[in-house]
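Notes follow once the structure below has been shown.
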There are 2 protein chains.
Amino acid sequence: MALTLVHPGSLAETLSGAPSGPPSEAPSGSLAGTLFEPLAVGPVTLPNRIVLPAMVTRLSGEDGHVNPAIVDRYVRFAKGEPGLIVVEAMGISQAKSGPLLRIGDDAFLPGLKLLAARVHASSATLVVPQIIHFLKIARSGWRQTVSDLTIAEIDAIIGQFAAAAVRARRAGFDGVELHMAHAYTLSSFLSRRNRRRDEYGGSLANRLRAPTRALLAVRQAVGRDFLIGVRFDGEECITDGYSVHDAQQIAVQLGRSGADYVSISAGGKFEDAVKKPGEPLYPYTGYSGDRCMPGKAYPDGLNLYLSVGVRQALHAHGLPHVRVVGTGKIWDPDHAAQLVPGQVDLVGMARQLLADPDWPRKVRAGRRDTIVFCEYGNVCKALDENFQRVRCTLWPKDSLHAPESILPRAAPPPRWPEGGAGLGAELARGRVRLTWQRALAAPTAASPPEELYGYELLRAPGPPAAELTHYASVRAATPSFLDTDVLSGQTYTYAVQAYDRRGVRGPRSEPLVVVLPAQDEGADACATEP
Amino acid sequence: MALTLVHPGSLAETLSGAPSGPPSEAPSGSLAGTLFEPLAVGPVTLPNRIVLPAMVTRLSGEDGHVNPAIVDRYVRFAKGEPGLIVVEAMGISQAKSGPLLRIGDDAFLPGLKLLAARVHASSATLVVPQIIHFLKIARSGWRQTVSDLTIAEIDAIIGQFAAAAVRARRAGFDGVELHMAHAYTLSSFLSRRNRRRDEYGGSLANRLRAPTRALLAVRQAVGRDFLIGVRFDGEECITDGYSVHDAQQIAVQLGRSGADYVSISAGGKFEDAVKKPGEPLYPYTGYSGDRCMPGKAYPDGLNLYLSVGVRQALHAHGLPHVRVVGTGKIWDPDHAAQLVPGQVDLVGMARQLLADPDWPRKVRAGRRDTIVFCEYGNVCKALDENFQRVRCTLWPKDSLHAPESILPRAAPPPRWPEGGAGLGAELARGRVRLTWQRALAAPTAASPPEELYGYELLRAPGPPAAELTHYASVRAATPSFLDTDVLSGQTYTYAVQAYDRRGVRGPRSEPLVVVLPAQDEGADACATEP
């Protein structure tokens, strides 16, 4: 493989306890396949096919400047070596915008330069900022819509996009991503709910006018040799919204207008947001928010049909060079590996990389067994909604970033206390409550207390002969789990294993077989009417 | 093929003008493949794999009795020869329930007997009623929830389901379908939004308790040799709702509890319904309603992943005999034929069969070219919402049912007036307005005036070399179409053809090539900030 990644140390070696060595190749025959082959995207080549989509951190102050916590967050992501990092949305206007990064003035350039430089110094990962314009919103529930914008205001917004892209270039980023998804201005132009009656609304061509102008202006401003991506919704997931039919045509027009890649999201709209008295609308509270950041209840990759549909349209229109990023609850390395190159060009994962930024390195090294898997409990989303600093609940308590997990030193994995894991279960109100013994950190003097990092719960839908697969990640502090997702009369087998900060699992507990009582049929025998 | 269908006349022959003849076999080598092979479902064998899902007609009066209009509607469906007709939902309680059929008392038996007998006399199609329980709802916006029900009330509801199923059997139906989808009682038990804190809410096992009891009671009451189906949501399509993970487990439990088939719907919930002052909530107004009856903006078969997922779970749990009906914007015969037997067992289509009940016969005869395709404009849905009698906008004006389209007499197809179709286009506000000449009915004395029935518009995304495919169905009264789904700078080719009541198309118009102006890039060149 012709990778040019900087390897601080061979992962396979460090995880197995050998001393840090020179860079090494990934194991041949890796299941990850194409995922770790480089890919040309417009004027650049990404070192692999894994993308970190933009994810707000709430680490920035009201001033909009890059600060050390933000730099640390993105350096941490870079150390995991995804192919591309998209830095959280930055406001392009000159107005204040709450706790959000800004790129609407040259005053922000020093911080942005530092951010780009530090990421570049950390790995071969490329990095682009997402640039955003949004409309006004009030606690009263009032919100500005695209119908309220004058032509002069639209012109000004387009100019701000171009100017922000130029600043991104001056700051040393590898490109820029235009935010045309969710509840924000350009997305609201694209929407089928765009009610403008002039040439910026109504038909699809008109809804595309402002977004296309913004893209053309950005391309004109930065030239051909700067990466330009667009993130937009493959489906709005609101009533009377658009779905993949429109998304396909939007992608074609954006591709023809200079986009090097399109990154396909879903939902995240104001139209179905849940109003909380005295709070500004949060566009991720309705079903469209569920679809944007699908939680536990949703299947893996539930939005991929949108990316696949968009890509088919791009290929049908002679635009295969416009790359497609597919996102939405992708965490399983085998699943991700199946997606490229046949279904999507690039695999985006936000919450999984928040949970374990080293996913790319671990998968490349064939060490799936050391990944800390996202719970999809959306605590990160709740923190964002409440303007709290966004972190992962699986991280050690109070940590502001994921801990280093590629550790250049030997350490035995966690172990169970004498007597074993003691995995037990009780049935309460149709739920299975599982509890087990607290695992013990490796007994070396070099191990800090947080070396015991968490537990992986495995489940099989049947007796022990059925295959146990990943079911949940559990924080180290709470060796218990409440399984509400069970059927009467069904047999389940559970096991649990502790893992340390490297993700290295200790010994698996004995399997525990739980048989739920069948629903009483006798009680129903007399339930017919007389 | 071992079909036992009653053929009033050979379709291929009657469409080509030959006199009515004896029953004939479908053409060999039909693209429809397995679609027209019989399938064992529980104790019965359906003559083919096409299902008409329950669809409210609003033809019943407040008394809940079967009336002649309702009989005529279902006889019309039967003449098209689907494998199974599910008659619109019938209330199982003894209370009045607005304009909805009822089956909660023996007083309804005579009408139900007549309905079953008339359908059976019309074709080999099997017929079952859908039986429903729903909670109270007020114009004020208040609505009863499952949390309000006492255990005694739950017991009573379960008894009503069993009693209704017994009545369905006594009425001569082939089985019964329990309504566990959308906004109704059993669906609300299944929902993740079920907030009950006793053994009927919380965990999945508890949410399934009342629906399972109802199913067990029905099976107990009607015995093994009566078909029992269940319709439920594969995804709720509301925030905090369930998706296919839960649906898979629900299907397994229902299959184990005696369901012969599961019919998979989506959405249709109160939780996201749009409140109109002074009107009771209509559960098909929010996004979940869009997903339940997906309109033009949505792709074909958009909910099929739910049926496919459910079927995989049934097979994995050793329940392949529990058949799965997939639904949701299926109209294209080639698409439907691809779905069986690999993806679903049975193909459900409601609105397409409303538009053209003869779809099954026409497809079996290899006459796709005579089908009147649904517009997915959801006028039928709007009629239901407003308590108007549900009809299809493509039918002749004021018709209460689809006209007969299998006509045992010769007639030439419609023709264009002298000078041809005159297909023309103008661009207005980013839309393409197409107009053409009114076609002329076949000039035979035997042709009634409605013989000119409508127009099929075809479109290709490119110059004439690209393949023209079905794009829209247009009523005979309005020879024009407004295409809002167009891109700037794109070339489209259109053609139009008129069809008569048999669906037989007249000559296709000359293709019309429309080139939309590109979005002006020059205007953007100076759009960057100074």
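Every chain in the structure tokens has a letter given in the order shown (A, B, ...), and although residue numbers restart at 1 in each chain, ligands are simply numbered from 1 in the order shown.
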
Non-local contacts of Leu512 in chain A (9 Å; only C-alpha atoms; under 3 positions in same chain excluded) as an NGL selection string: :A and (423-425 or 464 or 492-495 or 509)

Go ahead and save the residues from that selection, with C-alpha atoms, as a JSON list (two decimals), in the first residue's frame.
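What ended up in part26.json:
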```json
[["chain", "number", "residue", "atom", "x", "y", "z"],
["A", 423, "LEU", "CA", -22.33, -11.62, 35.76],
["A", 424, "GLY", "CA", -25.89, -11.86, 37.01],
["A", 425, "ALA", "CA", -29.34, -10.86, 35.83],
["A", 464, "PRO", "CA", -24.89, -20.00, 24.00],
["A", 492, "TYR", "CA", -30.68, -14.45, 25.47],
["A", 493, "THR", "CA", -27.05, -15.09, 26.18],
["A", 494, "TYR", "CA", -24.89, -12.30, 27.60],
["A", 495, "ALA", "CA", -21.20, -11.89, 28.32],
["A", 509, "SER", "CA", -17.00, -13.49, 31.49]]
```

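Using only C-alpha atoms, the residues found no farther than 6 Å from range 428-439 of chain B, other than those of its own chain fewer than 6 positions away, are Ser203, Ala205 and Asn206 of chain A; Arg415, Trp416, Ala421, Gly422, Pro479, Ser480, Phe481, Leu482, Asp483 and Thr484 of chain B.
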
Residue list (strand (DSSP E), DSSP) for range 253-415 of chain A, as a count of residues only: 12

Nearby residues (only C-alpha atoms) at most 12 Å from Gly454 in chain A, same-chain spacing under 3 positions excluded, as a PyMOL selection string: chain A and resi 355+370-375+393-397+413-414+438-441+450-451+457+472-480+496-506

Closest of B:Arg361, B:Arg170, B:His179, B:Lys269 to chain A - atom-to-atom distances counting only C-alpha atoms: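 Smallest separation from chain A among the options: B:Lys269.
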
Backbone-only DSSP, helix (DSSP H, G or I) members of range 133-288 of chain A, as a ChimeraX atom specification: /A:146-148,151-170,185-190,204-207,209-222,244-256,287-288

Please provide the set of residues having any atom within 6 Å of Phe173 in chain A, restricted to only C-alpha atoms, with same-chain residues fewer than 3 positions apart removed, written as a short mmCIF file (atom, residue, chain, number, x, y, z; two decimals) with all heavy atoms, in the first residue's frame.
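Generated file (result-v8.cif):
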```
data_model
loop_
_atom_site.label_atom_id
_atom_site.label_comp_id
_atom_site.auth_asym_id
_atom_site.auth_seq_id
_atom_site.Cartn_x
_atom_site.Cartn_y
_atom_site.Cartn_z
N ALA A 116 -5.04 24.91 11.85
CA ALA A 116 -4.67 24.15 10.64
C ALA A 116 -3.25 23.60 10.78
O ALA A 116 -2.98 22.44 10.45
CB ALA A 116 -4.79 25.05 9.41
N VAL A 127 -7.50 18.74 6.37
CA VAL A 127 -8.44 19.44 7.26
C VAL A 127 -9.07 20.64 6.55
O VAL A 127 -8.37 21.42 5.91
CB VAL A 127 -7.75 19.82 8.59
CG1 VAL A 127 -6.54 20.70 8.35
CG2 VAL A 127 -8.73 20.47 9.56
N VAL A 128 -10.38 20.72 6.65
CA VAL A 128 -11.13 21.85 6.07
C VAL A 128 -12.12 22.36 7.11
O VAL A 128 -12.62 21.58 7.92
CB VAL A 128 -11.90 21.44 4.80
CG1 VAL A 128 -10.96 20.84 3.75
CG2 VAL A 128 -13.02 20.45 5.11
N ALA A 168 -10.16 30.77 4.73
CA ALA A 168 -9.79 29.37 5.01
C ALA A 168 -8.51 29.02 4.28
O ALA A 168 -7.62 28.36 4.81
CB ALA A 168 -10.92 28.44 4.60
N ARG A 169 -8.41 29.50 3.08
CA ARG A 169 -7.20 29.23 2.28
C ARG A 169 -5.99 29.92 2.90
O ARG A 169 -4.92 29.32 3.04
CB ARG A 169 -7.45 29.71 0.85
CG ARG A 169 -6.25 29.55 -0.02
CD ARG A 169 -6.55 29.50 -1.50
NE ARG A 169 -5.45 28.77 -2.09
CZ ARG A 169 -5.47 28.16 -3.24
NH1 ARG A 169 -6.55 28.19 -3.97
NH2 ARG A 169 -4.42 27.51 -3.67
#
```

Å distance separating CA of Asn303 in chain B from CA of Ile264 in chain B, one decimal place: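 Interatomic distance, CA of Asn303 in chain B to CA of Ile264 in chain B: 8.5 Å.
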
Any chance you could tabulate, as CSV, the residues of chain B at most 8 Å from chain A with each one's nearest atom pair and distance in Å to one decimal, using only C-alpha atoms, in chain and rising number order?
```
residue,atom,partner,partner_atom,distance
B:Asp155,CA,A:Ala527,CA,6.7
B:Ala156,CA,A:Ala527,CA,7.7
B:Ile158,CA,A:Ala527,CA,6.5
B:Gly159,CA,A:Thr528,CA,4.1
B:Gln160,CA,A:Glu529,CA,6.4
B:Phe161,CA,A:Thr528,CA,7.9
B:Ala162,CA,A:Thr528,CA,5.3
B:Ala163,CA,A:Glu529,CA,5.8
B:Asp198,CA,A:Arg429,CA,7.3
B:Glu199,CA,A:Arg429,CA,6.1
B:Gly202,CA,A:Thr484,CA,7.6
B:Ser203,CA,A:Thr484,CA,4.6
B:Leu204,CA,A:Asp485,CA,5.5
B:Ala205,CA,A:Leu487,CA,4.7
B:Asn206,CA,A:Gly430,CA,5.7
B:Arg209,CA,A:Gln519,CA,7.2
B:Arg213,CA,A:Asp524,CA,6.2
B:Leu216,CA,A:Asp524,CA,6.7
B:Ala217,CA,A:Asp524,CA,5.6
B:Val218,CA,A:Thr528,CA,7.9
B:Gln220,CA,A:Ala525,CA,6.7
B:Ala221,CA,A:Thr528,CA,7.0
B:Cys237,CA,A:Tyr287,CA,6.7
B:Ile238,CA,A:Tyr287,CA,4.9
B:Thr239,CA,A:Tyr287,CA,3.9
B:Asp240,CA,A:Asp290,CA,7.4
B:Gly241,CA,A:Ala297,CA,7.8
B:Tyr242,CA,A:Ala297,CA,5.9
B:Ser243,CA,A:Tyr298,CA,5.4
B:Val244,CA,A:Pro299,CA,6.6
B:His245,CA,A:Pro299,CA,6.3
B:Asp246,CA,A:Ala297,CA,7.5
B:Gln249,CA,A:Leu487,CA,7.2
B:Gln253,CA,A:Leu487,CA,7.2
B:Asp272,CA,A:Asp272,CA,7.9
B:Thr285,CA,A:Thr239,CA,7.4
B:Gly286,CA,A:Thr239,CA,5.3
B:Tyr287,CA,A:Thr239,CA,4.0
B:Ser288,CA,A:Thr239,CA,7.6
B:Gly289,CA,A:Thr239,CA,7.7
B:Asp290,CA,A:Thr239,CA,6.0
B:Ala297,CA,A:Tyr242,CA,5.9
B:Tyr298,CA,A:Ser243,CA,5.5
B:Pro299,CA,A:His245,CA,6.3
B:Arg429,CA,A:Glu199,CA,6.1
B:Gly430,CA,A:Ser203,CA,5.5
B:Arg431,CA,A:Ser203,CA,5.8
B:Thr484,CA,A:Ser203,CA,4.6
B:Asp485,CA,A:Leu204,CA,5.5
B:Val486,CA,A:Ala205,CA,5.9
B:Leu487,CA,A:Ala205,CA,4.7
B:Ser488,CA,A:Ala205,CA,5.5
B:Gln519,CA,A:Arg209,CA,7.2
B:Glu521,CA,A:Leu216,CA,7.0
B:Asp524,CA,A:Ala217,CA,5.6
B:Ala525,CA,A:Ala217,CA,6.3
B:Cys526,CA,A:Ala217,CA,7.9
B:Ala527,CA,A:Gly159,CA,4.9
B:Thr528,CA,A:Gly159,CA,4.1
B:Glu529,CA,A:Gly159,CA,4.9
```
